[in-house]
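> This structure is in structure tokens; I'll ask about it shortly.
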Amino acid sequence: MTEQVVRAAGCVLWRTAGAEVELALVHRPKYDDWSWPKGKLKPGEDPLQGAVREVLEETGMHCVPGAALPTARYVATGRPKVVHYWEARATVGSFEPNREVDEVLWLLPDAARERLTHEWDRPLVDAFLAVRREG
């Protein structure tokens, strides 16, 4: 029997702070890690719609998605996982701690890269910065 791939989606959520760009990281107490806002897709859910839904659920922020970023592939809790990502500008909203996420940090890109717990999340900082330079 082949293992079912876990399908997920998320965003590199960003905002401007003066001349700087800040990226949002979420802390998940269940795993005690810092990562991008993301989550499992519902059956039949479009990945981009799922990414926007997960950003709102985990950060309380509405967002405007932009360019697609590289898809992450890794093994989590013994199962293969595929996570589709987009860069997304935060618009309105406010964070309230919830069952899945107890803290959101807005960090400059270099600080976000350092804070991310998992190695597979770090290349998304550079991918985001490349998109920003291009567009």
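For the structure tokens, the naming scheme is as follows: chains receive sequential letters (A, B, ...) according to their order of presentation, residues are indexed from 1 within each chain, and ligands are indexed from 1 in presentation order.
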Residues near segment 50-60 of chain A, anyone? I mean within 9 Å using only C-alpha atoms, not counting same-chain ones fewer than 3 positions away, as a tab-separated table (two decimals) with all heavy atoms, in the first residue's frame.

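Result file follows (around_17.tsv):
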chain	number	residue	atom	x	y	z
A	8	ALA	N	-0.95	20.32	0.99
A	8	ALA	CA	-1.10	21.51	1.81
A	8	ALA	C	-0.75	22.75	1.00
A	8	ALA	O	-0.21	22.65	-0.11
A	8	ALA	CB	-0.21	21.40	3.05
A	9	ALA	N	-1.05	23.90	1.56
A	9	ALA	CA	-0.73	25.16	0.90
A	9	ALA	C	-0.56	26.25	1.95
A	9	ALA	O	-1.10	26.16	3.05
A	9	ALA	CB	-1.83	25.55	-0.09
A	10	GLY	N	0.21	27.26	1.57
A	10	GLY	CA	0.45	28.36	2.48
A	10	GLY	C	1.04	29.55	1.75
A	10	GLY	O	1.18	29.55	0.53
A	11	CYS	N	1.40	30.56	2.53
A	11	CYS	CA	1.93	31.79	1.96
A	11	CYS	C	3.12	32.30	2.75
A	11	CYS	O	3.22	32.08	3.96
A	11	CYS	CB	0.86	32.89	1.98
A	11	CYS	SG	-0.53	32.59	0.88
A	13	LEU	N	3.70	35.44	3.91
A	13	LEU	CA	2.88	36.63	4.16
A	13	LEU	C	3.80	37.79	4.48
A	13	LEU	O	4.69	37.66	5.31
A	13	LEU	CB	1.92	36.35	5.32
A	13	LEU	CG	0.91	37.42	5.65
A	13	LEU	CD1	-0.09	37.60	4.50
A	13	LEU	CD2	0.18	37.07	6.94
A	24	ALA	N	5.80	37.29	7.97
A	24	ALA	CA	5.09	36.73	9.12
A	24	ALA	C	5.46	35.26	9.30
A	24	ALA	O	5.36	34.46	8.37
A	24	ALA	CB	3.59	36.85	8.94
A	25	LEU	N	5.86	34.92	10.51
A	25	LEU	CA	6.07	33.52	10.89
A	25	LEU	C	5.09	33.19	12.00
A	25	LEU	O	4.76	34.03	12.83
A	25	LEU	CB	7.50	33.29	11.41
A	25	LEU	CG	8.64	33.59	10.46
A	25	LEU	CD1	9.96	33.21	11.12
A	25	LEU	CD2	8.47	32.87	9.15
A	26	VAL	N	4.65	31.93	12.00
A	26	VAL	CA	3.71	31.48	13.03
A	26	VAL	C	4.40	30.44	13.92
A	26	VAL	O	5.20	29.64	13.45
A	26	VAL	CB	2.41	30.90	12.42
A	26	VAL	CG1	1.67	31.97	11.64
A	26	VAL	CG2	2.69	29.70	11.54
A	36	TRP	N	5.93	29.04	8.12
A	36	TRP	CA	5.03	29.89	7.36
A	36	TRP	C	3.59	29.51	7.67
A	36	TRP	O	3.33	28.34	7.98
A	36	TRP	CB	5.28	29.70	5.86
A	36	TRP	CG	6.69	29.92	5.44
A	36	TRP	CD1	7.56	28.98	4.97
A	36	TRP	CD2	7.41	31.15	5.45
A	36	TRP	NE1	8.77	29.56	4.69
A	36	TRP	CE2	8.71	30.90	4.99
A	36	TRP	CE3	7.08	32.46	5.83
A	36	TRP	CZ2	9.68	31.89	4.88
A	36	TRP	CZ3	8.06	33.45	5.73
A	36	TRP	CH2	9.32	33.16	5.25
A	37	PRO	N	2.66	30.44	7.57
A	37	PRO	CA	1.26	30.05	7.71
A	37	PRO	C	0.87	29.11	6.56
A	37	PRO	O	1.06	29.44	5.39
A	37	PRO	CB	0.50	31.37	7.65
A	37	PRO	CG	1.47	32.41	7.20
A	37	PRO	CD	2.84	31.87	7.37
A	38	LYS	N	0.41	27.93	6.92
A	38	LYS	CA	0.07	26.91	5.93
A	38	LYS	C	-0.79	25.85	6.59
A	38	LYS	O	-0.90	25.82	7.81
A	38	LYS	CB	1.32	26.25	5.36
A	38	LYS	CG	2.09	25.43	6.42
A	38	LYS	CD	3.30	24.78	5.81
A	38	LYS	CE	4.06	23.96	6.80
A	38	LYS	NZ	4.50	24.64	8.00
A	39	GLY	N	-1.36	24.99	5.78
A	39	GLY	CA	-2.15	23.90	6.34
A	39	GLY	C	-2.63	22.96	5.27
A	39	GLY	O	-2.49	23.21	4.07
A	40	LYS	N	-3.22	21.87	5.73
A	40	LYS	CA	-3.73	20.84	4.83
A	40	LYS	C	-4.91	21.37	4.03
A	40	LYS	O	-5.75	22.12	4.55
A	40	LYS	CB	-4.16	19.61	5.63
A	40	LYS	CG	-3.01	18.91	6.31
A	40	LYS	CD	-3.51	17.76	7.15
A	40	LYS	CE	-2.37	17.21	7.99
A	40	LYS	NZ	-2.82	16.53	9.17
A	41	LEU	N	-4.97	20.93	2.78
A	41	LEU	CA	-6.09	21.29	1.92
A	41	LEU	C	-7.29	20.42	2.25
A	41	LEU	O	-7.16	19.24	2.60
A	41	LEU	CB	-5.71	21.10	0.46
A	41	LEU	CG	-4.60	22.01	-0.06
A	41	LEU	CD1	-4.25	21.62	-1.50
A	41	LEU	CD2	-5.01	23.46	0.04
A	42	LYS	N	-8.46	21.01	2.13
A	42	LYS	CA	-9.71	20.25	2.28
A	42	LYS	C	-9.92	19.45	0.99
A	42	LYS	O	-9.40	19.83	-0.07
A	42	LYS	CB	-10.87	21.20	2.53
A	42	LYS	CG	-10.75	21.95	3.84
A	42	LYS	CD	-11.89	22.91	4.04
A	42	LYS	CE	-11.73	23.61	5.39
A	42	LYS	NZ	-12.83	24.55	5.65
A	45	GLU	N	-10.26	21.10	-2.55
A	45	GLU	CA	-9.96	22.53	-2.43
A	45	GLU	C	-8.81	22.93	-3.35
A	45	GLU	O	-7.80	22.24	-3.45
A	45	GLU	CB	-9.60	22.86	-0.97
A	45	GLU	CG	-9.39	24.33	-0.70
A	45	GLU	CD	-9.16	24.62	0.76
A	45	GLU	OE1	-8.54	23.79	1.47
A	45	GLU	OE2	-9.61	25.69	1.23
A	46	ASP	N	-8.97	24.06	-4.02
A	46	ASP	CA	-7.92	24.63	-4.84
A	46	ASP	C	-6.76	25.07	-3.93
A	46	ASP	O	-7.01	25.70	-2.89
A	46	ASP	CB	-8.48	25.84	-5.60
A	46	ASP	CG	-7.41	26.56	-6.37
A	46	ASP	OD1	-7.01	26.06	-7.44
A	46	ASP	OD2	-6.97	27.63	-5.90
A	47	PRO	N	-5.51	24.77	-4.30
A	47	PRO	CA	-4.39	25.12	-3.43
A	47	PRO	C	-4.31	26.61	-3.09
A	47	PRO	O	-4.03	26.96	-1.95
A	47	PRO	CB	-3.17	24.63	-4.20
A	47	PRO	CG	-3.67	23.49	-5.00
A	47	PRO	CD	-5.06	23.91	-5.41
A	63	CYS	N	-5.35	38.66	2.94
A	63	CYS	CA	-4.16	38.89	2.12
A	63	CYS	C	-4.51	38.90	0.65
A	63	CYS	O	-5.57	38.43	0.24
A	63	CYS	CB	-3.10	37.84	2.41
A	63	CYS	SG	-3.54	36.16	1.92
A	64	VAL	N	-3.60	39.47	-0.13
A	64	VAL	CA	-3.70	39.48	-1.58
A	64	VAL	C	-2.56	38.62	-2.10
A	64	VAL	O	-1.39	39.00	-2.00
A	64	VAL	CB	-3.60	40.91	-2.14
A	64	VAL	CG1	-3.62	40.89	-3.67
A	64	VAL	CG2	-4.70	41.79	-1.58
A	65	PRO	N	-2.87	37.43	-2.62
A	65	PRO	CA	-1.80	36.56	-3.11
A	65	PRO	C	-1.20	37.10	-4.40
A	65	PRO	O	-1.88	37.76	-5.19
A	65	PRO	CB	-2.49	35.22	-3.33
A	65	PRO	CG	-3.94	35.53	-3.48
A	65	PRO	CD	-4.18	36.81	-2.73
A	84	HIS	N	2.20	23.80	-1.51
A	84	HIS	CA	2.24	24.85	-2.53
A	84	HIS	C	2.27	26.20	-1.81
A	84	HIS	O	1.52	26.41	-0.85
A	84	HIS	CB	1.02	24.76	-3.44
A	84	HIS	CG	0.93	23.46	-4.15
A	84	HIS	ND1	1.60	23.21	-5.32
A	84	HIS	CD2	0.26	22.33	-3.85
A	84	HIS	CE1	1.35	21.97	-5.71
A	84	HIS	NE2	0.53	21.41	-4.83
A	85	TYR	N	3.12	27.11	-2.29
A	85	TYR	CA	3.27	28.42	-1.65
A	85	TYR	C	3.10	29.56	-2.64
A	85	TYR	O	3.43	29.44	-3.82
A	85	TYR	CB	4.67	28.57	-1.03
A	85	TYR	CG	4.86	27.82	0.25
A	85	TYR	CD1	5.54	26.61	0.27
A	85	TYR	CD2	4.38	28.33	1.46
A	85	TYR	CE1	5.73	25.92	1.46
A	85	TYR	CE2	4.57	27.65	2.64
A	85	TYR	CZ	5.24	26.45	2.63
A	85	TYR	OH	5.42	25.77	3.81
A	86	TRP	N	2.62	30.68	-2.12
A	86	TRP	CA	2.55	31.94	-2.84
A	86	TRP	C	3.07	33.02	-1.93
A	86	TRP	O	3.03	32.90	-0.70
A	86	TRP	CB	1.10	32.28	-3.20
A	86	TRP	CG	0.56	31.45	-4.30
A	86	TRP	CD1	0.51	31.76	-5.62
A	86	TRP	CD2	0.00	30.13	-4.18
A	86	TRP	NE1	-0.02	30.72	-6.33
A	86	TRP	CE2	-0.35	29.71	-5.48
A	86	TRP	CE3	-0.21	29.26	-3.13
A	86	TRP	CZ2	-0.91	28.47	-5.74
A	86	TRP	CZ3	-0.78	28.02	-3.38
A	86	TRP	CH2	-1.12	27.63	-4.67
A	88	ALA	N	2.20	36.65	-0.49
A	88	ALA	CA	0.92	37.32	-0.30
A	88	ALA	C	1.10	38.54	0.60
A	88	ALA	O	1.72	38.45	1.66
A	88	ALA	CB	-0.10	36.36	0.31
A	92	VAL	N	-5.70	43.55	5.85
A	92	VAL	CA	-6.31	43.93	7.12
A	92	VAL	C	-6.51	42.69	7.98
A	92	VAL	O	-6.56	41.57	7.49
A	92	VAL	CB	-7.68	44.64	6.93
A	92	VAL	CG1	-7.51	45.94	6.17
A	92	VAL	CG2	-8.67	43.73	6.24
A	93	GLY	N	-6.64	42.93	9.27
A	93	GLY	CA	-6.90	41.84	10.20
A	93	GLY	C	-6.05	42.01	11.45
A	93	GLY	O	-5.24	42.92	11.55
A	94	SER	N	-6.26	41.11	12.37
A	94	SER	CA	-5.46	41.11	13.59
A	94	SER	C	-5.39	39.69	14.12
A	94	SER	O	-6.32	38.90	13.97
A	94	SER	CB	-6.05	42.05	14.65
A	94	SER	OG	-7.34	41.63	15.01
A	95	PHE	N	-4.28	39.40	14.73
A	95	PHE	CA	-4.02	38.05	15.24
A	95	PHE	C	-4.66	37.85	16.61
A	95	PHE	O	-4.57	38.72	17.47
A	95	PHE	CB	-2.52	37.80	15.33
A	95	PHE	CG	-2.19	36.48	15.98
A	95	PHE	CD1	-2.47	35.29	15.33
A	95	PHE	CD2	-1.64	36.44	17.24
A	95	PHE	CE1	-2.18	34.07	15.94
A	95	PHE	CE2	-1.34	35.23	17.85
A	95	PHE	CZ	-1.62	34.04	17.19
A	96	GLU	N	-5.27	36.70	16.78
A	96	GLU	CA	-5.73	36.23	18.09
A	96	GLU	C	-5.21	34.82	18.27
A	96	GLU	O	-5.42	33.97	17.39
A	96	GLU	CB	-7.26	36.24	18.15
A	96	GLU	CG	-7.83	37.61	17.92
A	96	GLU	CD	-8.94	37.95	18.88
A	96	GLU	OE1	-9.26	37.13	19.75
A	96	GLU	OE2	-9.47	39.05	18.76
A	97	PRO	N	-4.51	34.55	19.37
A	97	PRO	CA	-4.01	33.19	19.58
A	97	PRO	C	-5.14	32.17	19.46
A	97	PRO	O	-6.28	32.44	19.86
A	97	PRO	CB	-3.45	33.22	21.00
A	97	PRO	CG	-3.12	34.67	21.22
A	97	PRO	CD	-4.17	35.44	20.47
A	98	ASN	N	-4.83	31.03	18.89
A	98	ASN	CA	-5.82	29.99	18.71
A	98	ASN	C	-5.21	28.62	18.98
A	98	ASN	O	-4.04	28.53	19.37
A	98	ASN	CB	-6.44	30.08	17.30
A	98	ASN	CG	-5.38	29.97	16.21
A	98	ASN	OD1	-4.75	28.94	16.04
A	98	ASN	ND2	-5.19	31.06	15.47
A	100	GLU	N	-4.16	26.29	17.03
A	100	GLU	CA	-3.04	25.89	16.18
A	100	GLU	C	-1.84	26.81	16.28
A	100	GLU	O	-0.71	26.36	16.13
A	100	GLU	CB	-3.49	25.81	14.72
A	100	GLU	CG	-4.45	24.69	14.45
A	100	GLU	CD	-4.79	24.58	12.97
A	100	GLU	OE1	-3.90	24.79	12.13
A	100	GLU	OE2	-5.95	24.27	12.67
A	101	VAL	N	-2.09	28.10	16.47
A	101	VAL	CA	-1.02	29.10	16.46
A	101	VAL	C	-1.16	29.99	17.69
A	101	VAL	O	-2.20	30.60	17.90
A	101	VAL	CB	-1.07	29.95	15.17
A	101	VAL	CG1	-0.06	31.08	15.21
A	101	VAL	CG2	-0.87	29.07	13.93
A	102	ASP	N	-0.07	30.07	18.47
A	102	ASP	CA	-0.15	30.90	19.67
A	102	ASP	C	0.62	32.21	19.56
A	102	ASP	O	0.54	33.06	20.43
A	102	ASP	CB	0.30	30.12	20.92
A	102	ASP	CG	1.75	29.68	20.86
A	102	ASP	OD1	2.41	29.83	19.82
A	102	ASP	OD2	2.22	29.14	21.89
A	103	GLU	N	1.37	32.39	18.46
A	103	GLU	CA	2.13	33.62	18.30
A	103	GLU	C	2.44	33.84	16.82
A	103	GLU	O	2.68	32.89	16.07
A	103	GLU	CB	3.44	33.52	19.08
A	103	GLU	CG	4.21	34.80	19.20
A	103	GLU	CD	5.42	34.68	20.12
A	103	GLU	OE1	5.62	33.62	20.74
A	103	GLU	OE2	6.17	35.66	20.19
A	104	VAL	N	2.42	35.10	16.40
A	104	VAL	CA	2.85	35.51	15.07
A	104	VAL	C	3.94	36.55	15.25
A	104	VAL	O	3.79	37.47	16.05
A	104	VAL	CB	1.68	36.11	14.25
A	104	VAL	CG1	2.19	36.71	12.95
A	104	VAL	CG2	0.63	35.06	13.97
> Do a neighbour search on segment 107-124 of chain A at 10 Å with only C-alpha atoms, toss out local chain neighbours closer than 6 positions, and write the hits as a ChimeraX atom specification.
/A:11-12,14-17,20-27,32-36,69-74,85-87,130
> Could you give me, as a list in words, the residues within 8 Å of Arg79 of chain A, counting only C-alpha atoms and dropping anything in the same chain fewer than 4 positions from it?
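Non-adjacent residues within range: Glu3, Gln4, Val5, Val6 and Val75 of chain A.
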> Include N, CA and C atoms and write out the residues we just selected as a CSV table (one decimal), in the first residue's frame.

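File produced: result_34.csv:
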chain,number,residue,atom,x,y,z
A,3,GLU,N,1.8,5.2,0.5
A,3,GLU,CA,1.4,6.2,1.5
A,3,GLU,C,0.7,7.4,0.7
A,4,GLN,N,-0.4,7.9,1.3
A,4,GLN,CA,-1.1,9.0,0.8
A,4,GLN,C,-0.3,10.3,1.0
A,5,VAL,N,-0.1,11.0,-0.1
A,5,VAL,CA,0.6,12.3,0.0
A,5,VAL,C,-0.3,13.3,0.7
A,6,VAL,N,0.3,14.0,1.7
A,6,VAL,CA,-0.5,15.1,2.4
A,6,VAL,C,-0.3,16.4,1.5
A,75,VAL,N,9.1,15.0,4.2
A,75,VAL,CA,8.4,14.0,4.9
A,75,VAL,C,8.1,14.6,6.3
> Kindly indicate which residue among A:Leu48, A:Ala127, A:Ala19, A:Ala67 lies nearest to Arg89 of chain A, using only C-alpha atoms for the distances.
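For Arg89 of chain A, the nearest of the candidates is A:Ala67.
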> Between atom CA of Gln49 of chain A and atom CA of His62 of chain A, what is the spacing in Å?
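Going from atom CA of His62 of chain A over to atom CA of Gln49 of chain A, I get 12.1 Å.
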